[in-house]
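Engineer: Below is a structure I'd like to ask you about.
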Amino acid sequence: MKIHHLRNATCIIESGQHHILVDPMLGPKSTLPPFSYLKHRAQRNPLVNLPPNADELLAKVTLCLLTHSQKWGIDPLTHTDHLDPAGASFLKERGIPVICPANDSRFLKRKGMDVVLGLEKWNPTPLEDTGGSRLPIGTITAVPARHGHSWTRHLMANGCGFYLELDGSPSVYITGDTVYTQDVEQALNRLQPDIAIAACGSAALDIGGSILMPMEEIITFIQKAPGMVVANHMDALNHCSTTRPILKEALETYDLSSKVMIPNDGETLRF
């Protein structure tokens with residue numbers, strides 16, 4: 001298995017001939033507005049362009065997983081750091097099959113996307129080959145995600161994480177945008193993922209508290225994870241306070257550096 005990290009939460013999981021795209025934010029630098037104007041410097045997003053190898057990797061995509069996209073079907077409340085206009089166009093133009101939380105399915109279909117599965121939480125579902133054979137290639141389970149601790153979470157697109165068991169590959173838990181909850185801990189303890197891809201940017205809006213795991217929860221997550229942790233959702237958005245150097249320093253303090261991989265944009269991790 002290979003995990004190709006593109007930018008922010010966007011990555012491609014390669015297993016055999018399958019190339020599974022996760023949360024495509026594919027637009028150029030500065031094509032989205034700031035997500036914070038007061039708590040953080042009001043820079044337009046994304047803060048960086050996609051890496052030079054992005055087009056080559058995206059050309060191989062066979063399936064897409066969307067952890068979350070919308071709230072109440074209102075366009076201004078869509079989470080463009082996980083599905084921006086460029087990402088939506090890519091999925092529609094290429095006819096890429098999409099798997100998402102059940103509550104996002106109708107919204108994404110209305111936007112012209114080929115939604116093949118809308119997942120209910122904690123319901124293991126067979127994952128089929130999208131190349132035409134329809135043969136099973138593993139299972140996928142949606143894990144509840146809570147996009148913040150404070151009242152602002154009720155305004156957020158509370159989606160899910162995904163637990164992937166692909167034939168012949170290590171198991172992978174993608175947290176999605178979440179704080180640390182009993183569901184997250186259950187996913188680590190009960191599912192025992194070989195690899196956990198965790199959103200570690202500690203994002204916060206101008207109102208309310210953190211909408212991703214703050215540092216103390218990131219450390220708890222890593223300590224409880226049974227296998228390797230891949231840290232993402234950093235250094236690409238203006239409302240994320242945890243950067244790669246900050247996380248690396250914290251990992252050294254807690255003697256956790258050997259358990260965590262922090263990929264650069266465009267880097268490929270091999271398992």
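By order in the structure tokens, chains are A, B, ...; within a chain, residues start at 1; ligands start at 1, following the order shown.
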Run DSSP on the backbone and grab whatever in region 11-181 of chain A lands in alpha helix (DSSP H); send it over as a list in words.

Structural biologist: Ala54, Asp55, Glu56, Leu57, Leu58, Pro85, Ala86, Gly87, Ala88, Ser89, Phe90, Leu91, Lys92, Glu93, Arg94, Ala102, Asn103, Asp104, Ser105, Arg106, Phe107, Leu108, Lys109 and Arg110 of chain A

Engineer: Write a file of the just-selected residues containing C-alpha atoms, as a JSON list (two decimals), in the first residue's frame.

Structural biologist:
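Contents of out14.json, as written:
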```
[["chain", "number", "residue", "atom", "x", "y", "z"],
["A", 54, "ALA", "CA", -0.52, 15.99, -8.41],
["A", 55, "ASP", "CA", -1.78, 15.69, -12.00],
["A", 56, "GLU", "CA", 0.08, 12.42, -12.55],
["A", 57, "LEU", "CA", -1.39, 10.93, -9.38],
["A", 58, "LEU", "CA", -4.92, 12.25, -9.97],
["A", 85, "PRO", "CA", -15.21, 23.70, -6.91],
["A", 86, "ALA", "CA", -12.12, 22.29, -8.64],
["A", 87, "GLY", "CA", -12.51, 19.00, -6.78],
["A", 88, "ALA", "CA", -16.20, 18.77, -7.65],
["A", 89, "SER", "CA", -15.45, 19.47, -11.33],
["A", 90, "PHE", "CA", -12.75, 16.79, -11.33],
["A", 91, "LEU", "CA", -15.15, 14.17, -9.95],
["A", 92, "LYS", "CA", -17.94, 15.07, -12.37],
["A", 93, "GLU", "CA", -15.80, 15.38, -15.50],
["A", 94, "ARG", "CA", -13.97, 12.11, -14.85],
["A", 102, "ALA", "CA", -25.58, 8.97, 3.92],
["A", 103, "ASN", "CA", -26.65, 12.49, 4.89],
["A", 104, "ASP", "CA", -24.46, 13.97, 2.11],
["A", 105, "SER", "CA", -25.62, 11.59, -0.61],
["A", 106, "ARG", "CA", -28.62, 13.52, -1.94],
["A", 107, "PHE", "CA", -26.76, 16.85, -1.89],
["A", 108, "LEU", "CA", -23.81, 15.46, -3.86],
["A", 109, "LYS", "CA", -26.04, 13.70, -6.38],
["A", 110, "ARG", "CA", -27.85, 16.98, -6.94]]
```

Engineer: Provide the CA of Ile137 (chain A) to CA of Pro226 (chain A) distance in Å, to one decimal place.

Structural biologist: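 Going from CA of Ile137 (chain A) over to CA of Pro226 (chain A), I get 23.6 Å.
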
Engineer: Which residue, A:Pro170, A:Gln17, A:Ser150, A:Lys29, has the smallest gap to Thr130 (chain A) when you use only C-alpha atoms?

Structural biologist: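 For Thr130 (chain A), the nearest of the given residues is A:Gln17.
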
Engineer: Which is closest to Val22 (chain A) among A:Thr62, A:Thr10, A:Thr268, A:Ser169, if we use only C-alpha atoms?

Structural biologist: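 Using only C-alpha atoms, Val22 (chain A) sits closest to A:Thr10.
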
Engineer: In Å, how far is it from CA of Thr175 (chain A) to CA of Asn53 (chain A)?

Structural biologist: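 A separation of 24.9 Å between them.
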
Engineer: Between A:His239, A:Gly266, A:Cys160, A:Ala142, which residue has the minimum interatomic distance to Phe35 (chain A), considering only C-alpha atoms?

Structural biologist: A:His239

Engineer: Rank nothing, just name the residue among A:Trp122, A:Tyr173, A:Phe271, A:Tyr163 nearest to Ala231 (chain A), using only C-alpha atoms.

Structural biologist: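 Checking each candidate against Ala231 (chain A), we get A:Tyr173 as the closest.
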
Engineer: Which of these, A:Ile20, A:Leu50, A:Thr181, A:Leu205, has the shortest distance to Leu127 (chain A) once you count only C-alpha atoms?

Structural biologist: A:Ile20

Engineer: Given the choices A:Ser202, A:Thr67, A:Asn8, A:Thr125, which gets closest to Pro144 (chain A) if the distance is worked out from only C-alpha atoms?

Structural biologist: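 Between A:Ser202, A:Thr67, A:Asn8, A:Thr125, the residue approaching Pro144 (chain A) most closely is A:Thr67.
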
Engineer: For His147 (chain A), please output as a ChimeraX atom specification all residues within 6 Å (counting only C-alpha atoms; exclusion window: fewer than 5 positions along the same chain).

Structural biologist: /A:153,158,177-178,211

Engineer: Which residues come within 12 Å of Ala187 (chain A), counting only C-alpha atoms, excluding same-chain residues fewer than 3 positions away, as a ChimeraX atom specification?

Structural biologist: /A:121-122,141-145,160-164,171-175,180-184,190-196,221,224-226

Engineer: CA of Gly95 (chain A) to CA of Gly112 (chain A): how many Å, to one decimal?

Structural biologist: 9.4 Å

Engineer: Which of region 225-261 of chain A end up as strand (DSSP E or B) when DSSP is run on this backbone - answer as a ChimeraX atom specification?

Structural biologist: /A:228-232,240,260-261

Engineer: Only N, CA and C atoms, please: the residues just picked out, written as a PDB file, in the first residue's frame.

Structural biologist:
```
ATOM      1  N   MET A 228       0.710   2.896  13.194  1.00  0.00           N
ATOM      2  CA  MET A 228       1.293   4.151  12.759  1.00  0.00           C
ATOM      3  C   MET A 228       0.211   5.209  12.559  1.00  0.00           C
ATOM      4  N   VAL A 229       0.576   6.461  12.791  1.00  0.00           N
ATOM      5  CA  VAL A 229      -0.312   7.592  12.555  1.00  0.00           C
ATOM      6  C   VAL A 229       0.288   8.465  11.460  1.00  0.00           C
ATOM      7  N   VAL A 230      -0.531   8.817  10.484  1.00  0.00           N
ATOM      8  CA  VAL A 230      -0.145   9.769   9.444  1.00  0.00           C
ATOM      9  C   VAL A 230      -0.878  11.069   9.747  1.00  0.00           C
ATOM     10  N   ALA A 231      -0.135  12.136   9.986  1.00  0.00           N
ATOM     11  CA  ALA A 231      -0.728  13.420  10.367  1.00  0.00           C
ATOM     12  C   ALA A 231      -0.904  14.299   9.134  1.00  0.00           C
ATOM     13  N   ASN A 232      -2.141  14.822   8.956  1.00  0.00           N
ATOM     14  CA  ASN A 232      -2.388  15.721   7.831  1.00  0.00           C
ATOM     15  C   ASN A 232      -3.204  16.926   8.285  1.00  0.00           C
ATOM     16  N   CYS A 240      -5.737  26.990  10.749  1.00  0.00           N
ATOM     17  CA  CYS A 240      -5.112  25.857  11.441  1.00  0.00           C
ATOM     18  C   CYS A 240      -3.852  26.330  12.171  1.00  0.00           C
ATOM     19  N   VAL A 260       4.771   8.416  14.349  1.00  0.00           N
ATOM     20  CA  VAL A 260       4.013   9.350  13.518  1.00  0.00           C
ATOM     21  C   VAL A 260       4.792   9.709  12.256  1.00  0.00           C
ATOM     22  N   MET A 261       4.088   9.725  11.140  1.00  0.00           N
ATOM     23  CA  MET A 261       4.638  10.185   9.873  1.00  0.00           C
ATOM     24  C   MET A 261       3.937  11.489   9.512  1.00  0.00           C
TER      25      MET A 261
END
```
